[in-house]
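Okay, query08.tsv now, which holds TSV, C-alpha atoms:
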chain	number	residue	atom	x	y	z
B	1	MET	CA	151.56	140.59	153.22
B	2	PRO	CA	154.07	143.36	153.95
B	3	ALA	CA	157.49	142.88	152.35
B	4	GLN	CA	159.32	143.36	155.64
B	5	CYS	CA	158.82	143.37	159.40
B	6	SER	CA	158.76	146.58	161.47
B	7	CYS	CA	162.24	145.60	162.70
B	8	GLY	CA	163.57	145.72	159.13
B	9	GLY	CA	163.82	141.95	158.55
B	10	ALA	CA	162.38	140.31	155.39
B	11	ALA	CA	158.93	138.73	155.78
B	12	VAL	CA	158.48	135.10	154.67
B	13	ALA	CA	155.03	133.62	153.90
B	14	THR	CA	153.73	131.12	156.47
B	15	GLY	CA	150.61	130.01	154.61
B	16	GLU	CA	148.39	131.44	157.36
B	17	THR	CA	145.74	134.07	156.69
B	18	GLU	CA	143.75	136.53	158.73
B	19	SER	CA	140.44	138.02	157.67
B	20	THR	CA	137.70	140.32	158.82
B	21	VAL	CA	134.16	140.92	157.65
B	22	VAL	CA	132.73	144.44	157.39
B	23	VAL	CA	128.93	144.61	157.53
B	24	ASP	CA	127.46	147.68	155.88
B	25	ILE	CA	124.22	148.93	154.44
B	26	PRO	CA	124.28	149.56	150.70
B	27	PRO	CA	123.47	153.11	149.61
B	28	VAL	CA	119.73	153.44	149.29
B	29	VAL	CA	118.43	155.46	146.38
B	30	PRO	CA	114.71	156.25	146.31
B	31	GLN	CA	112.88	154.97	143.25
B	32	HIS	CA	110.50	157.36	141.56
B	33	LYS	CA	107.86	155.40	139.64
B	34	ARG	CA	105.49	157.47	137.54
B	35	HIS	CA	102.09	155.89	137.00
B	36	VAL	CA	100.24	157.25	133.99
B	37	ALA	CA	96.56	156.81	133.28
B	38	HIS	CA	95.19	157.90	129.93
B	39	VAL	CA	92.07	160.04	130.14
B	40	GLY	CA	89.09	159.48	127.89
B	41	ARG	CA	85.62	160.84	127.42
B	42	CYS	CA	82.40	158.81	127.20
B	43	GLU	CA	80.77	159.07	123.77
B	44	ARG	CA	77.30	158.67	125.27
B	45	CYS	CA	77.29	161.01	128.33
B	46	ASN	CA	80.47	163.02	127.73
B	47	LYS	CA	81.74	162.02	131.21
B	48	ARG	CA	85.52	162.05	131.82
B	49	VAL	CA	86.84	158.47	132.18
B	50	VAL	CA	90.21	157.61	133.75
B	51	ALA	CA	91.72	154.54	135.48
B	52	LYS	CA	92.38	154.70	139.23
B	53	LEU	CA	96.02	155.51	140.01
B	54	PRO	CA	97.91	154.06	143.02
B	55	GLY	CA	97.09	156.03	146.17
B	56	ALA	CA	93.88	157.44	144.73
B	57	PRO	CA	90.52	156.95	146.46
B	58	ALA	CA	87.77	154.84	144.92
B	59	SER	CA	86.60	157.79	142.82
B	60	GLY	CA	89.87	157.52	140.88
B	61	LYS	CA	90.81	161.19	141.25
B	62	ALA	CA	94.37	161.44	142.61
B	63	LEU	CA	94.68	163.41	145.85
B	64	ALA	CA	98.36	164.25	145.39
B	65	GLU	CA	100.86	164.23	142.56
B	66	VAL	CA	103.36	162.36	144.75
B	67	SER	CA	102.60	159.66	147.32
B	68	LEU	CA	104.87	157.63	149.58
B	69	GLY	CA	105.41	153.98	148.73
B	70	PRO	CA	104.90	151.06	151.11
B	71	ASN	CA	108.57	150.87	152.18
B	72	VAL	CA	108.70	154.55	153.21
B	73	GLN	CA	105.39	154.12	155.03
B	74	ALA	CA	106.65	150.99	156.81
B	75	MET	CA	109.86	152.74	157.87
B	76	ALA	CA	107.95	155.75	159.18
B	77	LEU	CA	105.53	153.47	161.08
B	78	GLY	CA	108.41	151.50	162.60
B	79	LEU	CA	110.26	154.63	163.65
B	80	ARG	CA	107.13	156.14	165.23
B	81	PHE	CA	105.44	153.18	166.90
B	82	GLU	CA	108.29	150.71	167.51
B	83	GLN	CA	111.13	153.16	168.25
B	84	ASP	CA	109.03	156.06	169.64
B	85	VAL	CA	110.69	158.63	167.36
B	86	PRO	CA	108.88	162.02	167.23
B	87	LEU	CA	107.33	163.08	163.92
B	88	GLY	CA	109.83	165.93	163.41
B	89	LYS	CA	112.78	163.56	163.75
B	90	ILE	CA	111.18	161.02	161.38
B	91	SER	CA	110.71	163.80	158.82
B	92	ALA	CA	114.34	164.92	159.26
B	93	PHE	CA	115.68	161.35	159.10
B	94	ILE	CA	113.83	160.44	155.90
B	95	GLY	CA	114.87	163.76	154.37
B	96	GLN	CA	118.54	163.40	155.35
B	97	TRP	CA	119.04	159.76	154.41
B	98	PHE	CA	116.72	159.40	151.43
B	99	GLY	CA	116.13	162.93	150.14
B	100	ILE	CA	112.38	162.50	150.57
B	101	SER	CA	110.56	165.57	151.87
B	102	ILE	CA	107.57	164.95	154.12
B	103	THR	CA	106.14	167.27	156.74
B	104	THR	CA	105.14	166.25	160.24
B	105	SER	CA	101.50	166.95	159.33
B	106	GLY	CA	101.94	164.74	156.24
B	107	LEU	CA	103.22	161.94	158.48
B	108	SER	CA	100.31	162.45	160.88
B	109	GLN	CA	97.80	162.29	158.03
B	110	MET	CA	99.48	159.15	156.64
B	111	PHE	CA	99.33	157.44	160.06
B	112	ASP	CA	95.66	158.37	160.37
B	113	ARG	CA	94.87	156.93	156.91
B	114	LEU	CA	96.73	153.71	157.79
B	115	ARG	CA	94.92	153.52	161.15
B	116	ARG	CA	91.52	153.81	159.46
B	117	ARG	CA	92.51	151.23	156.86
B	118	SER	CA	93.66	148.73	159.52
B	119	LEU	CA	90.73	149.30	161.91
B	120	PRO	CA	88.71	146.23	160.74
B	121	SER	CA	91.73	143.96	161.38
B	122	TYR	CA	92.29	145.52	164.80
B	123	GLU	CA	88.63	145.08	165.75
B	124	GLU	CA	88.77	141.44	164.63
B	125	LEU	CA	91.84	140.81	166.84
B	126	VAL	CA	90.12	142.44	169.83
B	127	ALA	CA	86.99	140.31	169.28
B	128	VAL	CA	89.06	137.11	169.11
B	129	ALA	CA	90.98	138.03	172.28
B	130	ARG	CA	87.78	138.86	174.17
B	131	ALA	CA	86.15	135.59	173.10
B	132	SER	CA	89.16	133.47	174.10
B	133	ASN	CA	89.16	131.46	177.31
B	134	VAL	CA	92.84	132.27	177.84
B	135	VAL	CA	94.86	135.24	176.67
B	136	GLY	CA	98.67	134.91	176.82
B	137	LEU	CA	100.82	137.39	178.70
B	138	ASP	CA	104.52	138.14	178.44
B	139	GLU	CA	105.65	138.29	182.06
B	140	THR	CA	109.20	139.44	181.34
B	141	GLY	CA	108.54	142.73	183.15
B	142	HIS	CA	106.51	141.11	185.96
B	143	ARG	CA	108.11	141.54	189.39
B	144	GLN	CA	107.98	138.91	192.13
B	145	ASP	CA	109.62	139.52	195.54
B	146	GLY	CA	111.31	142.62	194.12
B	147	ARG	CA	112.81	140.78	191.15
B	148	SER	CA	111.61	140.79	187.55
B	149	GLY	CA	110.00	137.70	186.04
B	150	LEU	CA	113.13	137.12	183.95
B	151	ASP	CA	115.29	137.14	187.11
B	152	VAL	CA	112.94	134.70	188.83
B	153	ALA	CA	113.05	132.33	185.84
B	154	ASP	CA	116.86	132.56	185.64
B	155	ALA	CA	117.50	132.50	189.41
B	156	HIS	CA	119.33	129.18	189.16
B	157	ARG	CA	121.89	130.60	186.70
B	158	PRO	CA	124.82	132.64	187.99
B	159	ARG	CA	124.85	136.17	186.54
B	160	VAL	CA	128.20	137.84	186.08
B	161	GLY	CA	128.47	141.50	187.03
B	162	VAL	CA	124.92	141.77	188.42
B	163	PRO	CA	124.74	142.30	192.19
B	164	ARG	CA	122.16	140.18	193.98
So that I can check it, write out the structure of this file as structure tokens.
Amino acid sequence: MPAQCSCGGAAVATGETESTVVVDIPPVVPQHKRHVAHVGRCERCNKRVVAKLPGAPASGKALAEVSLGPNVQAMALGLRFEQDVPLGKISAFIGQWFGISITTSGLSQMFDRLRRRSLPSYEELVAVARASNVVGLDETGHRQDGRSGLDVADAHRPRVGVPR
């Protein structure tokens, strides 16, 4: 509480309070987790033996020294396919806010790998939808008599500021 009013008079406590809440995002710092696999050699056939590292194909040989974790992948997917952000802007955004460097071709390759990995689930969903007797439809954008489906459903409610 200020000691005095803007007029110069002394301020006396009333017991009242005022408050505000500030919503913010905490600073995000990328985590770099190094996964180490010890390499051995088979005593019988002299073949090199090593455990599969995260992001490596079934053969176990890592394709890259650095790979993007699931949270970066999810953010990139959301920006691209939910927000329609171009690859160049996704690359710039992730670089600016998180200091993670990824090229547009790297993003494209990542999306292609994720698409191939999710293809069996997609095909299963399509098969279920095709076999269903009824498939639901969101008619929010459906127009009837020149008005959207949402307007038709809410026609009984007065709408402030929207000309009829």
Separating CA of Leu53 (chain B) from CA of Ala74 (chain B), to the nearest tenth of an Å, is a gap of 20.4 Å
Rounded to one decimal, what separation in Å do you get between CA of Asn71 (chain B) and CA of Pro120 (chain B)?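 That distance, rounded to one decimal, is 22.1 Å.
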With only C-alpha atoms as the counted atoms, please give the residues lying no more than 10 Å from region 32-47 of chain B, apart from itself and same-chain residues fewer than 5 positions off, as a PyMOL selection string. chain B and resi 52-54+65-66+68-69
Mind pulling up the distance from CA of Gln83 (chain B) to CA of Phe111 (chain B)? 15.0 Å
Using the file's own x, y and z axes, what box holds all listed atoms of region 23-30 of chain B with 6 Å on each side, keeping edges along x, y and z, and what are its centre and edge lengths in Å to one decimal, as lines of an AutoDock Vina configuration file?
center_x = 121.8
center_y = 150.4
center_z = 151.9
size_x = 26.2
size_y = 23.6
size_z = 23.2
Excluding Val29 (chain B) and its own-chain neighbours fewer than 4 positions away, which residues fall within 12 Å of it when counting only C-alpha atoms? Please give them as a compact mmCIF listing (two decimals) with C-alpha atoms, in the coordinates of the input.
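This is the output file around12.txt:
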# COMPACT_ATOMS: atom_id res chain seq x y z
CA ILE B 25 124.22 148.93 154.44
CA VAL B 72 108.70 154.55 153.21
CA ILE B 94 113.83 160.44 155.90
CA GLN B 96 118.54 163.40 155.35
CA TRP B 97 119.04 159.76 154.41
CA PHE B 98 116.72 159.40 151.43
CA GLY B 99 116.13 162.93 150.14
CA ILE B 100 112.38 162.50 150.57
Non-local contacts of Ile102 (chain B) (10 Å; only C-alpha atoms; under 4 positions in same chain excluded) as a PDB file with C-alpha atoms, in the frame of the given file:
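See around11.pdb below for the written result:
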ATOM      1  CA  SER B  67     102.600 159.660 147.320  1.00  0.00           C
ATOM      2  CA  LEU B  68     104.870 157.630 149.580  1.00  0.00           C
ATOM      3  CA  LEU B  87     107.330 163.080 163.920  1.00  0.00           C
ATOM      4  CA  GLY B  88     109.830 165.930 163.410  1.00  0.00           C
ATOM      5  CA  ILE B  90     111.180 161.020 161.380  1.00  0.00           C
ATOM      6  CA  SER B  91     110.710 163.800 158.820  1.00  0.00           C
ATOM      7  CA  ALA B  92     114.340 164.920 159.260  1.00  0.00           C
ATOM      8  CA  ILE B  94     113.830 160.440 155.900  1.00  0.00           C
ATOM      9  CA  GLY B  95     114.870 163.760 154.370  1.00  0.00           C
ATOM     10  CA  GLY B 106     101.940 164.740 156.240  1.00  0.00           C
ATOM     11  CA  LEU B 107     103.220 161.940 158.480  1.00  0.00           C
TER      12      LEU B 107
END
Rebuild N, CA, C and O atoms on region 28-39 of chain B, as a PDB file, in the frame of the given file?
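Written file, selection.pdb:
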ATOM      1  N   VAL B  28     121.121 153.569 149.692  1.00  0.00           N
ATOM      2  CA  VAL B  28     119.730 153.440 149.290  1.00  0.00           C
ATOM      3  C   VAL B  28     119.361 154.652 148.444  1.00  0.00           C
ATOM      4  O   VAL B  28     119.572 155.783 148.852  1.00  0.00           O
ATOM      5  N   VAL B  29     118.847 154.385 147.273  1.00  0.00           N
ATOM      6  CA  VAL B  29     118.430 155.460 146.380  1.00  0.00           C
ATOM      7  C   VAL B  29     116.928 155.316 146.157  1.00  0.00           C
ATOM      8  O   VAL B  29     116.463 154.264 145.720  1.00  0.00           O
ATOM      9  N   PRO B  30     116.162 156.346 146.514  1.00  0.00           N
ATOM     10  CA  PRO B  30     114.710 156.250 146.310  1.00  0.00           C
ATOM     11  C   PRO B  30     114.369 156.020 144.836  1.00  0.00           C
ATOM     12  O   PRO B  30     115.038 156.539 143.948  1.00  0.00           O
ATOM     13  N   GLN B  31     113.362 155.216 144.607  1.00  0.00           N
ATOM     14  CA  GLN B  31     112.880 154.970 143.250  1.00  0.00           C
ATOM     15  C   GLN B  31     111.647 155.830 143.020  1.00  0.00           C
ATOM     16  O   GLN B  31     110.735 155.840 143.843  1.00  0.00           O
ATOM     17  N   HIS B  32     111.654 156.541 141.933  1.00  0.00           N
ATOM     18  CA  HIS B  32     110.500 157.360 141.560  1.00  0.00           C
ATOM     19  C   HIS B  32     109.798 156.646 140.405  1.00  0.00           C
ATOM     20  O   HIS B  32     110.352 156.555 139.313  1.00  0.00           O
ATOM     21  N   LYS B  33     108.621 156.108 140.657  1.00  0.00           N
ATOM     22  CA  LYS B  33     107.860 155.400 139.640  1.00  0.00           C
ATOM     23  C   LYS B  33     106.663 156.253 139.254  1.00  0.00           C
ATOM     24  O   LYS B  33     105.812 156.537 140.076  1.00  0.00           O
ATOM     25  N   ARG B  34     106.613 156.665 138.009  1.00  0.00           N
ATOM     26  CA  ARG B  34     105.490 157.470 137.540  1.00  0.00           C
ATOM     27  C   ARG B  34     104.427 156.520 136.980  1.00  0.00           C
ATOM     28  O   ARG B  34     104.705 155.687 136.127  1.00  0.00           O
ATOM     29  N   HIS B  35     103.228 156.657 137.496  1.00  0.00           N
ATOM     30  CA  HIS B  35     102.090 155.890 137.000  1.00  0.00           C
ATOM     31  C   HIS B  35     101.255 156.828 136.144  1.00  0.00           C
ATOM     32  O   HIS B  35     100.891 157.917 136.586  1.00  0.00           O
ATOM     33  N   VAL B  36     100.967 156.404 134.939  1.00  0.00           N
ATOM     34  CA  VAL B  36     100.240 157.250 133.990  1.00  0.00           C
ATOM     35  C   VAL B  36      98.938 156.570 133.614  1.00  0.00           C
ATOM     36  O   VAL B  36      98.924 155.392 133.269  1.00  0.00           O
ATOM     37  N   ALA B  37      97.862 157.322 133.698  1.00  0.00           N
ATOM     38  CA  ALA B  37      96.560 156.810 133.280  1.00  0.00           C
ATOM     39  C   ALA B  37      96.052 157.721 132.157  1.00  0.00           C
ATOM     40  O   ALA B  37      96.003 158.940 132.306  1.00  0.00           O
ATOM     41  N   HIS B  38      95.727 157.125 131.057  1.00  0.00           N
ATOM     42  CA  HIS B  38      95.190 157.900 129.930  1.00  0.00           C
ATOM     43  C   HIS B  38      93.743 158.293 130.240  1.00  0.00           C
ATOM     44  O   HIS B  38      92.981 157.519 130.808  1.00  0.00           O
ATOM     45  N   VAL B  39      93.395 159.501 129.868  1.00  0.00           N
ATOM     46  CA  VAL B  39      92.070 160.040 130.140  1.00  0.00           C
ATOM     47  C   VAL B  39      91.240 159.964 128.865  1.00  0.00           C
ATOM     48  O   VAL B  39      91.727 160.255 127.772  1.00  0.00           O
TER      49      VAL B  39
END
